[in-house]
Amino acid sequence: MDRGFITILIGLYSFQDCIHFLASVRKFHREPIIILIDRVPRFLYPLLLVFGNVRLQAAPKHENPVLASRQAKLTLYQESPFEKTIYLDCDICLLSPIYEVFDYVDEVDLLVTEDVQPAIAKAANLLRVKQDILSTLQSVGLPLNENSIQYNSGFIAFTKSSKTQELFTNFKKYFEMVVAYQNVLQLKDQGAFAAAVESVKPKMTTLSPVYNYLDKWKDVYAIDQPIKVIHCTYPYRPQYAKNVTRSLFTRIVDRTAKIFLPNQLNNPWRLK
């Protein structure tokens, strides 16, 4: 297959997000969507498949669902059957079509967006302890330097190539280091991803924040273009994202979510 989308759904905590993710993609795109899924009862699968051209594939299993979702991200290259893949976290919502992203990966191996705090040397979100950030990351074996960038791994577009395959191989290797040093590092994948980019140096392009806009931190952006992809950062979901996916089906799901989904926070449909 030439191109398609892929996301990850581990457990019921993000199920409602995934429904809205699918609704937003289907509002603008007909390409196939793969969901790497685990810990979701099978009787709920039809609610995902109703959007059409959706394929459910088993995600890696782990008793820790956070770790399982991180491990699923490491498998994106091998699990995607597409020549050109757009990976999006399932708490993302499209606000417009993004056909051009598929065209952009004709020219590069990888498309990414920077995190709201792009400088690795200032990425305190990666550490459990209050220590010098860069030297701590280096001390566990991550090949990072003062110029390394933290990318937000909620959006990754890639093409099948030897460089991309090598990138994901190294991504797995460096994430295993993160897991091994949980006494000092948060269980996040972005440090490992930055290390993989630093070591492999794929041909890549960093896209504008409009392709991975975190509305919760809107004050840090300086953009003058329409937002195309909003990252809702659970449980924060602004009203304009809700409006994009509003339909009879999603309204029914949202109303019943309070009954059949655990860990709901201030429904109806999240904060704001």
# chains A, B, ... in the order shown; residues from 1 in each chain; ligands from 1
>>> select_by_dssp(residues="range 72-250 of chain A", states="alpha helix (DSSP H)", output="ChimeraX atom specification")
/A:72-74,76-79,99-104,133-139,162-180,190-200,239-245,248-250
>>> residues_around(residues="Asp215 in chain A", least_positions_apart="3", cutoff="9 Å", atoms="only C-alpha atoms", output="PDB file with C-alpha atoms, in the first residue's frame")
ATOM      1  CA  LYS A 218      -0.471  28.164  22.964  1.00  0.00           C
ATOM      2  CA  ASP A 219       1.345  31.066  24.624  1.00  0.00           C
ATOM      3  CA  ILE A 230      -4.112  19.902  17.185  1.00  0.00           C
ATOM      4  CA  HIS A 231      -2.582  17.746  19.908  1.00  0.00           C
ATOM      5  CA  CYS A 232      -5.184  17.778  22.652  1.00  0.00           C
ATOM      6  CA  THR A 233      -2.902  16.631  25.474  1.00  0.00           C
ATOM      7  CA  TYR A 236      -7.365  19.077  27.697  1.00  0.00           C
ATOM      8  CA  ARG A 237      -9.534  19.361  24.579  1.00  0.00           C
ATOM      9  CA  PRO A 238     -10.565  22.859  23.413  1.00  0.00           C
TER      10      PRO A 238
END
>>> closest_atom_pairs(of="range 11-129 of chain A", to="range 165-179 of chain A", cutoff="9 Å", atoms="only C-alpha atoms", output="Markdown table")
| residue | atom | partner | partner_atom | distance |
| --- | --- | --- | --- | --- |
| A:Leu67 | CA | A:Val179 | CA | 8.7 |
| A:Arg70 | CA | A:Phe175 | CA | 8.7 |
| A:Gln71 | CA | A:Lys172 | CA | 8.0 |
| A:Leu74 | CA | A:Lys172 | CA | 5.7 |
| A:Thr75 | CA | A:Phe168 | CA | 7.6 |
| A:Leu76 | CA | A:Phe168 | CA | 8.0 |
| A:Tyr77 | CA | A:Gln165 | CA | 6.6 |
| A:Gln78 | CA | A:Gln165 | CA | 8.3 |
>>> select_by_dssp(residues="range 23-178 of chain A", states="strand (DSSP E or B)", output="ChimeraX atom specification")
/A:33-38,54-58,84-88,92-94,110-119,127,149-159
>>> residues_around(residues="Ser96 in chain A", least_positions_apart="5", cutoff="9 Å", atoms="only C-alpha atoms", output="PyMOL selection string")
chain A and resi 24-25+27-28+227-229
>>> closest_atom_pairs(of="range 154-201 of chain A", to="range 132-142 of chain A", cutoff="9 Å", atoms="only C-alpha atoms", output="CSV")
residue,atom,partner,partner_atom,distance
A:Tyr174,CA,A:Leu142,CA,6.5
A:Met177,CA,A:Val140,CA,6.8
A:Val178,CA,A:Val140,CA,7.8
A:Ala180,CA,A:Val140,CA,8.8
A:Tyr181,CA,A:Val140,CA,7.1
A:Val184,CA,A:Thr136,CA,8.1
A:Leu185,CA,A:Leu137,CA,8.2
A:Gly191,CA,A:Leu142,CA,7.9
A:Ala192,CA,A:Leu142,CA,7.1
A:Ala194,CA,A:Leu142,CA,8.9
A:Ala195,CA,A:Leu142,CA,5.8
A:Ala196,CA,A:Leu142,CA,8.7
>>> closest_atom_pairs(of="range 66-105 of chain A", to="range 112-119 of chain A", cutoff="12 Å", atoms="only C-alpha atoms", output="Markdown table")
| residue | atom | partner | partner_atom | distance |
| --- | --- | --- | --- | --- |
| A:Ile86 | CA | A:Val112 | CA | 10.1 |
| A:Tyr87 | CA | A:Val112 | CA | 10.2 |
| A:Leu88 | CA | A:Val112 | CA | 10.9 |
| A:Val101 | CA | A:Val112 | CA | 10.4 |
| A:Tyr104 | CA | A:Val112 | CA | 11.2 |
| A:Val105 | CA | A:Val112 | CA | 10.7 |
>>> write_last_selection(atoms="N, CA and C atoms", output="short mmCIF file (atom, residue, chain, number, x, y, z; two decimals), in the first residue's frame")
data_model
loop_
_atom_site.label_atom_id
_atom_site.label_comp_id
_atom_site.auth_asym_id
_atom_site.auth_seq_id
_atom_site.Cartn_x
_atom_site.Cartn_y
_atom_site.Cartn_z
N ILE A 86 1.93 8.26 8.15
CA ILE A 86 1.78 9.35 9.11
C ILE A 86 1.33 8.74 10.43
N TYR A 87 2.20 8.82 11.45
CA TYR A 87 1.81 8.39 12.79
C TYR A 87 1.31 9.60 13.57
N LEU A 88 0.17 9.43 14.25
CA LEU A 88 -0.37 10.47 15.12
C LEU A 88 -0.82 9.83 16.43
N VAL A 101 1.58 16.33 3.55
CA VAL A 101 2.58 15.61 4.35
C VAL A 101 3.02 14.36 3.62
N TYR A 104 5.47 15.46 1.10
CA TYR A 104 6.76 15.88 1.66
C TYR A 104 7.69 14.69 1.88
N VAL A 105 7.14 13.54 2.26
CA VAL A 105 8.03 12.40 2.54
C VAL A 105 8.55 11.74 1.26
#
>>> atom_distance(atom1="CA of Leu127 in chain A", atom2="CA of Ser148 in chain A")
16.0 Å
>>> atom_distance(atom1="CA of Lys258 in chain A", atom2="CA of Lys73 in chain A")
28.5 Å
>>> residues_around(residues="range 53-59 of chain A", least_positions_apart="6", cutoff="9 Å", atoms="only C-alpha atoms", output="list in words")
Ile8, Leu9, Ile10, Leu22, Arg30, Glu31, Pro32, Ile33, Ile34, Ile35, Leu36, Ile37, Asp38, Tyr45, Ala68, Ser69, Gln71, Ala72, Thr75 and Glu79 of chain A
>>> closest_residue(among="A:Leu12, A:Leu95, A:Ala124, A:Val50", to="His29 in chain A", atoms="only C-alpha atoms")
A:Leu95
>>> atom_distance(atom1="CA of Phe5 in chain A", atom2="CA of Val200 in chain A")
24.0 Å
>>> residues_around(residues="Pro202 in chain A", least_positions_apart="2", cutoff="10 Å", atoms="only C-alpha atoms", output="ChimeraX atom specification")
/A:108-111,161-167,196-200,204-205
>>> write_last_selection(atoms="N, CA and C atoms", output="short mmCIF file (atom, residue, chain, number, x, y, z; two decimals), in the first residue's frame")
data_model
loop_
_atom_site.label_atom_id
_atom_site.label_comp_id
_atom_site.auth_asym_id
_atom_site.auth_seq_id
_atom_site.Cartn_x
_atom_site.Cartn_y
_atom_site.Cartn_z
N VAL A 108 12.20 13.15 1.76
CA VAL A 108 12.99 12.90 2.97
C VAL A 108 12.62 11.55 3.56
N ASP A 109 13.39 11.11 4.54
CA ASP A 109 13.08 9.89 5.29
C ASP A 109 12.07 10.15 6.39
N LEU A 110 12.11 11.36 6.95
CA LEU A 110 11.42 11.62 8.20
C LEU A 110 10.92 13.05 8.26
N LEU A 111 9.69 13.21 8.78
CA LEU A 111 9.12 14.52 9.07
C LEU A 111 8.73 14.55 10.53
N SER A 161 12.67 3.26 4.16
CA SER A 161 14.03 3.41 3.64
C SER A 161 14.99 2.76 4.64
N SER A 162 16.20 2.51 4.20
CA SER A 162 17.18 1.91 5.10
C SER A 162 17.50 2.84 6.27
N LYS A 163 17.52 4.15 6.01
CA LYS A 163 17.81 5.11 7.07
C LYS A 163 16.69 5.13 8.11
N THR A 164 15.45 5.08 7.65
CA THR A 164 14.34 5.09 8.59
C THR A 164 14.32 3.81 9.41
N GLN A 165 14.61 2.69 8.77
CA GLN A 165 14.69 1.43 9.50
C GLN A 165 15.78 1.48 10.57
N GLU A 166 16.92 2.05 10.21
CA GLU A 166 18.02 2.20 11.17
C GLU A 166 17.61 3.13 12.31
N LEU A 167 16.87 4.19 11.98
CA LEU A 167 16.40 5.12 13.00
C LEU A 167 15.56 4.40 14.05
N ALA A 196 18.24 8.80 18.74
CA ALA A 196 18.24 8.05 17.48
C ALA A 196 18.45 8.97 16.30
N VAL A 197 17.80 10.12 16.31
CA VAL A 197 17.99 11.11 15.24
C VAL A 197 19.43 11.59 15.22
N GLU A 198 19.98 11.85 16.39
CA GLU A 198 21.36 12.34 16.50
C GLU A 198 22.37 11.32 15.96
N SER A 199 22.13 10.04 16.22
CA SER A 199 23.09 9.01 15.83
C SER A 199 22.95 8.60 14.36
N VAL A 200 21.72 8.58 13.85
CA VAL A 200 21.48 8.10 12.48
C VAL A 200 21.56 9.22 11.46
N MET A 204 15.79 14.60 6.88
CA MET A 204 14.55 14.92 7.57
C MET A 204 14.20 16.40 7.43
N THR A 205 12.96 16.70 7.68
CA THR A 205 12.46 18.07 7.70
C THR A 205 11.67 18.28 8.98
#
>>> closest_residue(among="A:Asn145, A:Ser80, A:Ser247, A:Gln16", to="Leu48 in chain A", atoms="only C-alpha atoms")
A:Gln16
